[in-house]
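Shown next: model_17.cif, containing mmCIF, C-alpha atoms and all ligand atoms.
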```
data_work
#
loop_
_atom_site.group_PDB
_atom_site.id
_atom_site.type_symbol
_atom_site.label_atom_id
_atom_site.label_comp_id
_atom_site.auth_asym_id
_atom_site.auth_seq_id
_atom_site.Cartn_x
_atom_site.Cartn_y
_atom_site.Cartn_z
ATOM 1 C CA MET N 1354 -41.678 -26.549 24.245
ATOM 2 C CA THR N 1355 -40.023 -26.769 20.853
ATOM 3 C CA ALA N 1356 -36.748 -24.989 20.167
ATOM 4 C CA ALA N 1357 -36.950 -21.925 17.925
ATOM 5 C CA ALA N 1358 -35.839 -22.516 14.343
ATOM 6 C CA PRO N 1359 -32.255 -21.343 13.871
ATOM 7 C CA SER N 1360 -32.046 -17.832 12.484
ATOM 8 C CA VAL N 1361 -31.048 -17.812 8.829
ATOM 9 C CA TYR N 1362 -30.626 -14.070 8.690
ATOM 10 C CA ILE N 1363 -27.895 -12.142 10.486
ATOM 11 C CA GLY N 1364 -27.571 -8.507 9.480
ATOM 12 C CA ARG N 1365 -25.402 -5.718 10.797
ATOM 13 C CA PHE N 1366 -24.782 -1.992 10.880
ATOM 14 C CA ALA N 1367 -21.080 -1.183 10.918
ATOM 15 C CA PRO N 1368 -20.434 2.504 11.630
ATOM 16 C CA SER N 1369 -16.944 3.961 11.782
ATOM 17 C CA PRO N 1370 -16.641 6.067 14.955
ATOM 18 C CA THR N 1371 -15.440 9.143 13.093
ATOM 19 C CA GLY N 1372 -18.277 11.284 14.446
ATOM 20 C CA PRO N 1373 -21.937 11.064 15.463
ATOM 21 C CA LEU N 1374 -24.654 9.569 13.263
ATOM 22 C CA HIS N 1375 -26.215 11.927 10.726
ATOM 23 C CA ALA N 1376 -29.180 11.633 8.368
ATOM 24 C CA GLY N 1377 -27.173 9.562 5.842
ATOM 25 C CA SER N 1378 -25.929 7.023 8.373
ATOM 26 C CA LEU N 1379 -29.426 6.744 9.842
ATOM 27 C CA VAL N 1380 -30.816 5.691 6.460
ATOM 28 C CA ALA N 1381 -28.210 2.896 6.255
ATOM 29 C CA ALA N 1382 -28.834 1.860 9.876
ATOM 30 C CA LEU N 1383 -32.605 1.841 9.441
ATOM 31 C CA ALA N 1384 -32.387 -0.053 6.132
ATOM 32 C CA SER N 1385 -30.323 -2.828 7.728
ATOM 33 C CA TRP N 1386 -32.533 -2.937 10.837
ATOM 34 C CA LEU N 1387 -35.768 -3.081 8.812
ATOM 35 C CA ASP N 1388 -34.397 -5.773 6.507
ATOM 36 C CA ALA N 1389 -33.297 -7.885 9.492
ATOM 37 C CA ARG N 1390 -36.650 -7.471 11.231
ATOM 38 C CA ALA N 1391 -38.601 -8.143 8.010
ATOM 39 C CA HIS N 1392 -36.732 -11.465 7.713
ATOM 40 C CA GLY N 1393 -37.198 -12.349 11.376
ATOM 41 C CA GLY N 1394 -33.413 -12.150 11.648
ATOM 42 C CA ARG N 1395 -30.841 -10.876 14.094
ATOM 43 C CA TRP N 1396 -29.327 -7.403 13.848
ATOM 44 C CA LEU N 1397 -25.794 -6.656 15.059
ATOM 45 C CA VAL N 1398 -23.820 -3.454 15.472
ATOM 46 C CA ARG N 1399 -20.088 -3.426 14.863
ATOM 47 C CA ILE N 1400 -17.913 -0.431 15.616
ATOM 48 C CA GLU N 1401 -15.390 -0.222 12.768
ATOM 49 C CA ASP N 1402 -12.504 1.420 14.555
ATOM 50 C CA VAL N 1403 -9.507 -0.034 12.699
ATOM 51 C CA ASP N 1404 -8.644 3.262 11.051
ATOM 52 C CA THR N 1405 -7.525 4.779 14.342
ATOM 53 C CA PRO N 1406 -6.269 8.133 12.945
ATOM 54 C CA ARG N 1407 -9.819 8.861 11.691
ATOM 55 C CA CYS N 1408 -11.590 7.731 14.876
ATOM 56 C CA VAL N 1409 -12.883 10.364 17.272
ATOM 57 C CA PRO N 1410 -12.552 9.393 20.946
ATOM 58 C CA GLY N 1411 -15.984 8.751 22.458
ATOM 59 C CA ALA N 1412 -17.796 8.697 19.084
ATOM 60 C CA ASP N 1413 -18.565 4.973 19.501
ATOM 61 C CA GLN N 1414 -20.527 5.689 22.694
ATOM 62 C CA VAL N 1415 -22.285 8.646 21.068
ATOM 63 C CA ILE N 1416 -23.340 6.430 18.120
ATOM 64 C CA LEU N 1417 -24.620 3.665 20.412
ATOM 65 C CA ALA N 1418 -26.598 6.219 22.440
ATOM 66 C CA GLN N 1419 -28.044 7.715 19.230
ATOM 67 C CA LEU N 1420 -29.105 4.242 18.020
ATOM 68 C CA ALA N 1421 -30.705 3.548 21.401
ATOM 69 C CA ALA N 1422 -32.605 6.865 21.233
ATOM 70 C CA LEU N 1423 -33.908 5.797 17.805
ATOM 71 C CA GLY N 1424 -35.012 2.418 19.176
ATOM 72 C CA LEU N 1425 -32.481 0.560 17.008
ATOM 73 C CA MET N 1426 -31.190 -1.912 19.564
ATOM 74 C CA PRO N 1427 -28.721 -4.624 18.521
ATOM 75 C CA ASP N 1428 -29.453 -8.223 19.452
ATOM 76 C CA GLU N 1429 -25.941 -8.714 20.877
ATOM 77 C CA PRO N 1430 -23.453 -6.455 22.621
ATOM 78 C CA PRO N 1431 -21.685 -4.395 19.923
ATOM 79 C CA ALA N 1432 -18.392 -5.753 18.599
ATOM 80 C CA CYS N 1433 -15.306 -3.574 18.112
ATOM 81 C CA GLN N 1434 -12.764 -4.159 15.371
ATOM 82 C CA SER N 1435 -9.917 -2.872 17.528
ATOM 83 C CA GLN N 1436 -10.209 -6.059 19.605
ATOM 84 C CA ARG N 1437 -9.927 -8.419 16.668
ATOM 85 C CA GLY N 1438 -6.291 -8.046 15.558
ATOM 86 C CA PRO N 1439 -5.473 -11.768 15.977
ATOM 87 C CA LEU N 1440 -8.330 -12.738 13.620
ATOM 88 C CA TYR N 1441 -7.059 -10.361 10.929
ATOM 89 C CA GLN N 1442 -3.498 -11.632 11.398
ATOM 90 C CA ALA N 1443 -4.665 -15.241 10.980
ATOM 91 C CA ALA N 1444 -6.427 -14.271 7.731
ATOM 92 C CA LEU N 1445 -3.309 -12.501 6.421
ATOM 93 C CA ASP N 1446 -1.150 -15.522 7.347
ATOM 94 C CA ALA N 1447 -3.525 -17.823 5.430
ATOM 95 C CA LEU N 1448 -3.397 -15.564 2.363
ATOM 96 C CA VAL N 1449 0.417 -15.392 2.474
ATOM 97 C CA THR N 1450 0.685 -19.180 2.845
ATOM 98 C CA SER N 1451 -1.479 -19.649 -0.231
ATOM 99 C CA ASN N 1452 0.604 -17.084 -2.169
ATOM 100 C CA LEU N 1453 -2.391 -14.784 -2.568
ATOM 101 C CA ALA N 1454 -0.896 -11.923 -0.531
ATOM 102 C CA TYR N 1455 2.547 -10.404 -0.855
ATOM 103 C CA PRO N 1456 4.516 -7.584 0.786
ATOM 104 C CA CYS N 1457 4.836 -4.297 -1.079
ATOM 105 C CA ALA N 1458 7.528 -1.648 -0.727
ATOM 106 C CA CYS N 1459 5.992 0.966 -3.023
ATOM 107 C CA THR N 1460 5.124 4.472 -1.900
ATOM 108 C CA ARG N 1461 2.297 6.427 -3.562
ATOM 109 C CA ALA N 1462 4.945 8.284 -5.563
ATOM 110 C CA ASP N 1463 6.425 4.967 -6.793
ATOM 111 C CA ILE N 1464 2.990 3.779 -7.905
ATOM 112 C CA ALA N 1465 2.143 7.097 -9.596
ATOM 113 C CA GLN N 1466 5.481 7.010 -11.421
ATOM 114 C CA ALA N 1467 5.047 3.383 -12.559
ATOM 115 C CA ASN N 1468 1.517 4.145 -13.758
ATOM 116 C CA ALA N 1469 2.640 7.282 -15.592
ATOM 117 C CA ALA N 1470 5.304 5.208 -17.365
ATOM 118 C CA ARG N 1471 2.475 2.928 -18.565
ATOM 119 C CA GLY N 1472 0.319 5.891 -19.558
ATOM 120 C CA LEU N 1473 -2.132 5.313 -16.688
ATOM 121 C CA LEU N 1474 -2.568 8.751 -15.225
ATOM 122 C CA LYS N 1475 -5.979 8.698 -13.671
ATOM 123 C CA PRO N 1476 -6.436 7.599 -10.063
ATOM 124 C CA ARG N 1477 -9.862 6.145 -9.245
ATOM 125 C CA HIS N 1478 -11.540 7.876 -6.254
ATOM 126 C CA GLY N 1479 -8.047 9.131 -5.371
ATOM 127 C CA GLU N 1480 -6.783 5.529 -5.283
ATOM 128 C CA LEU N 1481 -3.978 4.540 -7.595
ATOM 129 C CA ILE N 1482 -4.365 1.245 -9.405
ATOM 130 C CA TYR N 1483 -1.422 -0.864 -8.328
ATOM 131 C CA PRO N 1484 0.702 -1.973 -11.293
ATOM 132 C CA GLY N 1485 1.986 -5.138 -9.579
ATOM 133 C CA THR N 1486 5.575 -3.926 -9.142
ATOM 134 C CA CYS N 1487 6.221 -5.997 -5.991
ATOM 135 C CA ARG N 1488 4.500 -9.164 -7.145
ATOM 136 C CA PRO N 1489 7.021 -11.949 -6.507
ATOM 137 C CA GLU N 1490 7.020 -12.914 -10.208
ATOM 138 C CA ASN N 1491 7.871 -9.282 -11.105
ATOM 139 C CA GLY N 1492 10.948 -9.227 -8.870
ATOM 140 C CA GLY N 1493 9.357 -8.787 -5.426
ATOM 141 C CA LEU N 1494 10.779 -6.264 -2.972
ATOM 142 C CA ARG N 1495 14.221 -6.062 -4.677
ATOM 143 C CA GLY N 1496 15.900 -5.395 -1.348
ATOM 144 C CA ARG N 1497 13.498 -2.628 -0.338
ATOM 145 C CA ALA N 1498 11.795 -2.668 3.065
ATOM 146 C CA PRO N 1499 8.217 -4.010 3.020
ATOM 147 C CA ARG N 1500 5.531 -1.423 3.794
ATOM 148 C CA ALA N 1501 2.072 -2.805 3.090
ATOM 149 C CA TRP N 1502 0.577 -6.201 2.252
ATOM 150 C CA ARG N 1503 -1.445 -6.600 -0.916
ATOM 151 C CA LEU N 1504 -3.915 -9.168 -2.168
ATOM 152 C CA ARG N 1505 -3.537 -10.384 -5.738
ATOM 153 C CA VAL N 1506 -6.553 -9.901 -7.943
ATOM 154 C CA PRO N 1507 -7.187 -12.073 -11.005
ATOM 155 C CA HIS N 1508 -6.276 -10.779 -14.436
ATOM 156 C CA GLY N 1509 -7.905 -10.931 -17.842
ATOM 157 C CA ALA N 1510 -11.277 -12.640 -18.171
ATOM 158 C CA ALA N 1511 -11.135 -13.958 -14.579
ATOM 159 C CA ALA N 1512 -10.956 -10.360 -13.303
ATOM 160 C CA ARG N 1513 -14.484 -9.582 -14.465
ATOM 161 C CA TRP N 1514 -16.521 -9.723 -11.296
ATOM 162 C CA ASP N 1515 -20.261 -10.112 -11.720
ATOM 163 C CA TRP N 1516 -22.424 -9.813 -8.655
ATOM 164 C CA ASN N 1517 -25.984 -9.077 -7.743
ATOM 165 C CA ASP N 1518 -27.291 -6.340 -5.510
ATOM 166 C CA ARG N 1519 -30.793 -6.850 -4.100
ATOM 167 C CA ARG N 1520 -31.693 -3.231 -4.884
ATOM 168 C CA LEU N 1521 -29.370 -2.214 -7.732
ATOM 169 C CA GLY N 1522 -29.560 -5.482 -9.669
ATOM 170 C CA ALA N 1523 -26.770 -6.999 -11.766
ATOM 171 C CA GLN N 1524 -23.381 -5.310 -11.263
ATOM 172 C CA THR N 1525 -19.969 -5.848 -12.790
ATOM 173 C CA GLN N 1526 -16.423 -4.632 -12.153
ATOM 174 C CA ALA N 1527 -13.074 -5.482 -13.720
ATOM 175 C CA LEU N 1528 -10.947 -6.113 -10.639
ATOM 176 C CA ASP N 1529 -7.646 -5.708 -12.488
ATOM 177 C CA ASP N 1530 -8.381 -2.497 -14.411
ATOM 178 C CA THR N 1531 -10.432 -0.700 -11.769
ATOM 179 C CA VAL N 1532 -8.730 -1.758 -8.540
ATOM 180 C CA GLY N 1533 -5.580 -3.856 -9.027
ATOM 181 C CA ASP N 1534 -3.839 -5.778 -6.219
ATOM 182 C CA PHE N 1535 -5.205 -3.984 -3.164
ATOM 183 C CA VAL N 1536 -3.899 -3.275 0.322
ATOM 184 C CA ILE N 1537 -5.042 -5.563 3.133
ATOM 185 C CA ARG N 1538 -2.508 -4.365 5.705
ATOM 186 C CA ARG N 1539 -1.525 -0.729 5.446
ATOM 187 C CA ALA N 1540 1.949 0.785 5.429
ATOM 188 C CA ASP N 1541 1.214 2.338 8.849
ATOM 189 C CA GLY N 1542 0.619 -1.170 10.223
ATOM 190 C CA LEU N 1543 -3.161 -0.769 10.476
ATOM 191 C CA TRP N 1544 -5.528 -3.383 9.087
ATOM 192 C CA ALA N 1545 -7.240 -2.280 5.915
ATOM 193 C CA TYR N 1546 -11.024 -1.919 5.897
ATOM 194 C CA GLN N 1547 -11.384 -4.557 3.142
ATOM 195 C CA LEU N 1548 -9.748 -7.300 5.200
ATOM 196 C CA ALA N 1549 -11.334 -6.375 8.528
ATOM 197 C CA VAL N 1550 -14.866 -6.163 7.133
ATOM 198 C CA VAL N 1551 -14.644 -9.535 5.381
ATOM 199 C CA VAL N 1552 -13.143 -11.328 8.382
ATOM 200 C CA ASP N 1553 -15.674 -9.786 10.756
ATOM 201 C CA ASP N 1554 -18.733 -10.456 8.618
ATOM 202 C CA ALA N 1555 -17.715 -14.121 8.374
ATOM 203 C CA HIS N 1556 -16.757 -14.392 12.045
ATOM 204 C CA GLN N 1557 -20.096 -12.916 13.111
ATOM 205 C CA GLY N 1558 -22.016 -15.171 10.715
ATOM 206 C CA VAL N 1559 -23.443 -12.209 8.772
ATOM 207 C CA THR N 1560 -25.689 -13.509 5.997
ATOM 208 C CA HIS N 1561 -27.081 -10.201 4.694
ATOM 209 C CA ILE N 1562 -25.155 -6.963 4.259
ATOM 210 C CA VAL N 1563 -27.268 -3.819 3.940
ATOM 211 C CA ARG N 1564 -25.237 -0.610 3.746
ATOM 212 C CA GLY N 1565 -24.988 2.675 1.854
ATOM 213 C CA GLU N 1566 -24.639 2.734 -1.907
ATOM 214 C CA ASP N 1567 -21.305 4.557 -1.677
ATOM 215 C CA LEU N 1568 -19.792 1.235 -0.554
ATOM 216 C CA ALA N 1569 -21.153 -0.782 -3.497
ATOM 217 C CA ASP N 1570 -17.948 -0.680 -5.511
ATOM 218 C CA ASN N 1571 -16.036 -2.294 -2.626
ATOM 219 C CA THR N 1572 -18.189 -5.403 -2.955
ATOM 220 C CA PRO N 1573 -16.206 -7.181 -5.721
ATOM 221 C CA ARG N 1574 -12.996 -6.794 -3.667
ATOM 222 C CA GLN N 1575 -14.740 -8.153 -0.590
ATOM 223 C CA GLN N 1576 -16.291 -11.068 -2.465
ATOM 224 C CA TRP N 1577 -12.903 -11.898 -3.985
ATOM 225 C CA LEU N 1578 -11.356 -11.836 -0.492
ATOM 226 C CA GLN N 1579 -14.138 -14.129 0.763
ATOM 227 C CA GLN N 1580 -13.320 -16.536 -2.034
ATOM 228 C CA CYS N 1581 -9.574 -16.392 -1.280
ATOM 229 C CA LEU N 1582 -10.251 -17.132 2.394
ATOM 230 C CA GLY N 1583 -12.827 -19.848 1.680
ATOM 231 C CA LEU N 1584 -15.566 -17.828 3.395
ATOM 232 C CA PRO N 1585 -19.261 -17.716 2.450
ATOM 233 C CA THR N 1586 -20.559 -14.733 0.459
ATOM 234 C CA PRO N 1587 -23.473 -12.889 2.095
ATOM 235 C CA ALA N 1588 -26.331 -11.293 0.160
ATOM 236 C CA TYR N 1589 -25.841 -7.558 -0.524
ATOM 237 C CA LEU N 1590 -28.220 -4.626 -0.648
ATOM 238 C CA HIS N 1591 -26.930 -1.069 -1.027
ATOM 239 C CA SER N 1592 -29.348 1.527 0.281
ATOM 240 C CA PRO N 1593 -29.997 4.988 -1.207
ATOM 241 C CA LEU N 1594 -27.708 7.823 -0.189
ATOM 242 C CA VAL N 1595 -28.883 11.057 1.350
ATOM 243 C CA LEU N 1596 -27.764 13.994 -0.742
ATOM 244 C CA ASN N 1597 -27.330 17.556 0.414
ATOM 245 C CA PRO N 1598 -29.036 20.386 -1.511
ATOM 246 C CA HIS N 1599 -25.991 20.472 -3.845
ATOM 247 C CA GLY N 1600 -26.501 16.830 -4.781
ATOM 248 C CA GLU N 1601 -23.445 15.685 -2.808
ATOM 249 C CA LYS N 1602 -23.435 12.688 -0.484
ATOM 250 C CA LEU N 1603 -24.068 13.754 3.090
ATOM 251 C CA SER N 1604 -20.996 12.905 5.138
ATOM 252 C CA LYS N 1605 -19.303 13.689 8.412
ATOM 253 C CA GLN N 1606 -16.334 15.002 6.432
ATOM 254 C CA HIS N 1607 -18.605 17.597 4.848
ATOM 255 C CA GLY N 1608 -20.074 18.704 8.147
ATOM 256 C CA ALA N 1609 -23.373 16.755 8.233
ATOM 257 C CA LYS N 1610 -25.354 17.599 11.371
ATOM 258 C CA ALA N 1611 -25.510 15.064 14.202
ATOM 259 C CA LEU N 1612 -28.937 13.547 14.855
ATOM 260 C CA GLN N 1613 -30.604 14.858 17.995
ATOM 261 C CA ALA N 1614 -32.350 12.480 20.405
ATOM 262 C CA ASP N 1615 -35.417 14.739 20.683
ATOM 263 C CA HIS N 1616 -35.991 14.535 16.909
ATOM 264 C CA ALA N 1617 -35.778 10.727 16.842
ATOM 265 C CA LEU N 1618 -39.299 10.026 15.596
ATOM 266 C CA THR N 1619 -39.243 12.643 12.865
ATOM 267 C CA ASP N 1620 -35.784 11.505 11.760
ATOM 268 C CA LEU N 1621 -36.980 7.890 11.573
ATOM 269 C CA HIS N 1622 -39.975 8.995 9.484
ATOM 270 C CA LYS N 1623 -37.722 10.899 7.116
ATOM 271 C CA ALA N 1624 -35.235 8.046 6.839
ATOM 272 C CA GLY N 1625 -38.198 5.783 6.024
ATOM 273 C CA LEU N 1626 -39.204 8.223 3.326
ATOM 274 C CA VAL N 1627 -35.731 8.082 1.754
ATOM 275 C CA LEU N 1628 -36.094 4.283 1.722
ATOM 276 C CA GLY N 1629 -39.420 4.606 -0.090
ATOM 277 C CA LEU N 1630 -41.570 3.207 2.710
ATOM 278 C CA ARG N 1631 -45.258 3.487 1.983
ATOM 279 C CA VAL N 1632 -48.182 3.283 4.354
ATOM 280 C CA SER N 1633 -51.498 2.103 2.846
ATOM 281 C CA GLY N 1634 -50.158 2.836 -0.612
ATOM 282 C CA LYS N 1635 -49.103 6.381 0.256
ATOM 283 C CA THR N 1636 -45.599 7.602 0.901
ATOM 284 C CA ILE N 1637 -44.836 8.506 4.479
ATOM 285 C CA GLU N 1638 -44.480 12.104 3.306
ATOM 286 C CA ASN N 1639 -48.118 12.133 2.239
ATOM 287 C CA CYS N 1640 -49.312 10.292 5.347
ATOM 288 C CA LEU N 1641 -47.534 12.412 7.890
ATOM 289 C CA LYS N 1642 -47.341 15.705 6.023
ATOM 290 C CA ILE N 1643 -43.636 15.805 6.660
ATOM 291 C CA ASP N 1644 -41.600 18.449 4.927
ATOM 292 C CA ILE N 1645 -38.621 16.392 3.871
ATOM 293 C CA LYS N 1646 -36.758 19.529 2.808
ATOM 294 C CA ALA N 1647 -36.640 20.624 6.430
ATOM 295 C CA TRP N 1648 -34.519 17.652 7.477
ATOM 296 C CA PRO N 1649 -31.017 18.598 8.643
ATOM 297 C CA TRP N 1650 -29.386 17.483 5.426
ATOM 298 C CA ALA N 1651 -26.160 19.339 5.890
HETATM 299 N N1 LIG D 1701 -17.561 1.319 8.422
HETATM 300 C C1 LIG D 1701 -18.087 1.650 7.138
HETATM 301 C C2 LIG D 1701 -18.627 3.073 7.158
HETATM 302 O O1 LIG D 1701 -18.928 3.591 8.225
HETATM 303 C C3 LIG D 1701 -19.190 0.721 6.698
HETATM 304 C C4 LIG D 1701 -18.648 -0.580 6.276
HETATM 305 C C5 LIG D 1701 -19.661 -1.582 5.771
HETATM 306 O O2 LIG D 1701 -20.851 -1.450 6.062
HETATM 307 O O3 LIG D 1701 -19.234 -2.514 5.115
HETATM 308 O O4 LIG D 1701 -18.748 3.662 6.109
#
```
If you convert what's in this file into structure tokens, what do you get?
Amino acid sequence: MTAAAPSVYIGRFAPSPTGPLHAGSLVAALASWLDARAHGGRWLVRIEDVDTPRCVPGADQVILAQLAALGLMPDEPPACQSQRGPLYQAALDALVTSNLAYPCACTRADIAQANAARGLLKPRHGELIYPGTCRPENGGLRGRAPRAWRLRVPHGAAARWDWNDRRLGAQTQALDDTVGDFVIRRADGLWAYQLAVVVDDAHQGVTHIVRGEDLADNTPRQQWLQQCLGLPTPAYLHSPLVLNPHGEKLSKQHGAKALQADHALTDLHKAGLVLGLRVSGKTIENCLKIDIKAWPWA
């Protein structure tokens, strides 16, 4: 018997346990599962529970049961970010040693004030662009207590981050003007999503990231972090979002309905429809006479 060729595709679905899966998260889960299966790859599930204040106790088990009811079974036992603190610490230590990360004492009010003084009034997605106040070359902490840790981003021409999305095509972002030096360990001591996701994807050998389009503008930060840590960069595909009848992204925060196990097949059909799956040249909607408008969008 010959040994199977090593898998060159490892994909993952990485839900945050902030509530049960809804139609929007199913589309992302199904997209990553289908892409992994289409490539003959492995598919992992990672519970992203670093942001403990937002986690709902028991939601991880609910999500795993919902995935099982949908037939989306991971190829390995699910991983949990809450058990990976030492890996994140090692990454932070490496970034500090190479002078890429530095401690920051600024509060939101400090950052807003510094930005206002520079005429930068507009936060992006509610996030303030950090003006670099605590960069060591700008005077560092100046005796103030450290709160968070930040990663330096390049400036000027080097800040222009070009990347390719398998669905959206060529993308670009100016890391300095749109993001600035970003938090990798939060002021409340929790690991930031950006650091945890990059460390975990590399540690789990993820080669292909398929996730919702709302996360696309995090990709330049994550690719920059991969470069800083000497980690490989996976391929990216951002899947379509599910919008509610008002054109807003369906989300747990806005009360999206939990998927029900007894609707699993219909929900899978509808998620396939959102992904544009076609059967014999027809959309699933035409084949199955599904009324997509009846899906529990909100
Ligand atoms: N945990 C993130 C979420 O639930 C997904 C992160 C990712 O796929 O990179 O939105």
If the PyMOL selection byres (((not hetatm)) within 8 of (chain D and resi 1701)) is run on the structure shown, which residues does it catch, given as a PDB file with C-alpha atoms, keeping the file's coordinate frame?
```
ATOM      1  CA  ARG N1365     -25.402  -5.718  10.797  1.00  0.00           C
ATOM      2  CA  PHE N1366     -24.782  -1.992  10.880  1.00  0.00           C
ATOM      3  CA  ALA N1367     -21.080  -1.183  10.918  1.00  0.00           C
ATOM      4  CA  PRO N1368     -20.434   2.504  11.630  1.00  0.00           C
ATOM      5  CA  SER N1369     -16.944   3.961  11.782  1.00  0.00           C
ATOM      6  CA  PRO N1370     -16.641   6.067  14.955  1.00  0.00           C
ATOM      7  CA  SER N1378     -25.929   7.023   8.373  1.00  0.00           C
ATOM      8  CA  ILE N1400     -17.913  -0.431  15.616  1.00  0.00           C
ATOM      9  CA  GLU N1401     -15.390  -0.222  12.768  1.00  0.00           C
ATOM     10  CA  ASP N1402     -12.504   1.420  14.555  1.00  0.00           C
ATOM     11  CA  TYR N1546     -11.024  -1.919   5.897  1.00  0.00           C
ATOM     12  CA  VAL N1550     -14.866  -6.163   7.133  1.00  0.00           C
ATOM     13  CA  ILE N1562     -25.155  -6.963   4.259  1.00  0.00           C
ATOM     14  CA  VAL N1563     -27.268  -3.819   3.940  1.00  0.00           C
ATOM     15  CA  ARG N1564     -25.237  -0.610   3.746  1.00  0.00           C
ATOM     16  CA  GLY N1565     -24.988   2.675   1.854  1.00  0.00           C
ATOM     17  CA  LEU N1568     -19.792   1.235  -0.554  1.00  0.00           C
TER      18      LEU N1568
END
```
Residues matched by the PyMOL selection byres (((chain N and resi 1457) around 12) and not hetatm) as a count of residues only = 38
Expected answer as a PyMOL selection string: all residues with atoms within 6 Å of (-19.5, -10.9, 2.5), only C-alpha atoms = chain N and resi 1551+1576+1586-1587
Go ahead and compute the interatomic distance for atom CA of Gly1377 of chain N and atom CA of Leu1590 of chain N, in Å to one decimal.
-> 15.6 Å
Given the choices N:Gln1557, N:Asn1517, N:Thr1405, N:Thr1371, which gets closest to Pro1430 of chain N if the distance is worked out from all atoms listed in the file?
->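 Of the candidates, the smallest distance to Pro1430 of chain N is held by N:Gln1557.
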Spell out the residues picked by the PyMOL selection byres (((chain N and resi 1372) around 7) and not hetatm) here, as a PyMOL selection string.
-> chain N and resi 1370-1371+1373-1374+1409+1412+1605
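Nearest residue to Leu1596 of chain N, choosing from N:Glu1566, N:Ala1418, N:Leu1397, N:Asp1620 and counting all atoms listed in the file: N:Glu1566.
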Quick one, how far is atom CA of Leu1481 of chain N from atom CA of Asp1529 of chain N?
->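 So the two atoms, atom CA of Leu1481 of chain N and atom CA of Asp1529 of chain N, lie 11.9 Å apart.
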For atom CA of Asp1515 of chain N and atom CA of Gly1364 of chain N, the interatomic separation in Å (one decimal) |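 Rounded to one decimal, the two atoms are 22.5 Å apart.
For the residues N:Val1403, N:Asn1468, N:Gln1580, N:Asp1615, ranking by smallest atom-to-atom distance to Gln1436 of chain N using only C-alpha atoms places N:Val1403 first.
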Using all atoms listed in the file, the best pick from N:Leu1383, N:Ala1614, N:Ala1447, N:Ala1609 as closest to Pro1427 of chain N would be N:Leu1383
May I have the residues within 10 Å of segment 1506-1509 of chain N as an MDAnalysis selection string, using only C-alpha atoms and disregarding those fewer than 4 positions away in the same chain?
-> chainID N and resid 1453:1454 1485 1513:1514 1527:1530 1532:1535 1574 1577:1578 1581
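The residue set within 9 Å of Leu1425 of chain N, counting all atoms listed in the file and dropping same-chain residues fewer than 3 places from it, reads N:Ala1382, N:Leu1383, N:Trp1386, N:Gln1419, N:Leu1420, N:Ala1421, N:Ala1422.
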Mind writing the picked residues with C-alpha atoms as a PDB file, in the coordinates of the input?
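Below is the file again21.pdb, written as the result:
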```
ATOM      1  CA  ALA N1382     -28.834   1.860   9.876  1.00  0.00           C
ATOM      2  CA  LEU N1383     -32.605   1.841   9.441  1.00  0.00           C
ATOM      3  CA  TRP N1386     -32.533  -2.937  10.837  1.00  0.00           C
ATOM      4  CA  GLN N1419     -28.044   7.715  19.230  1.00  0.00           C
ATOM      5  CA  LEU N1420     -29.105   4.242  18.020  1.00  0.00           C
ATOM      6  CA  ALA N1421     -30.705   3.548  21.401  1.00  0.00           C
ATOM      7  CA  ALA N1422     -32.605   6.865  21.233  1.00  0.00           C
TER       8      ALA N1422
END
```
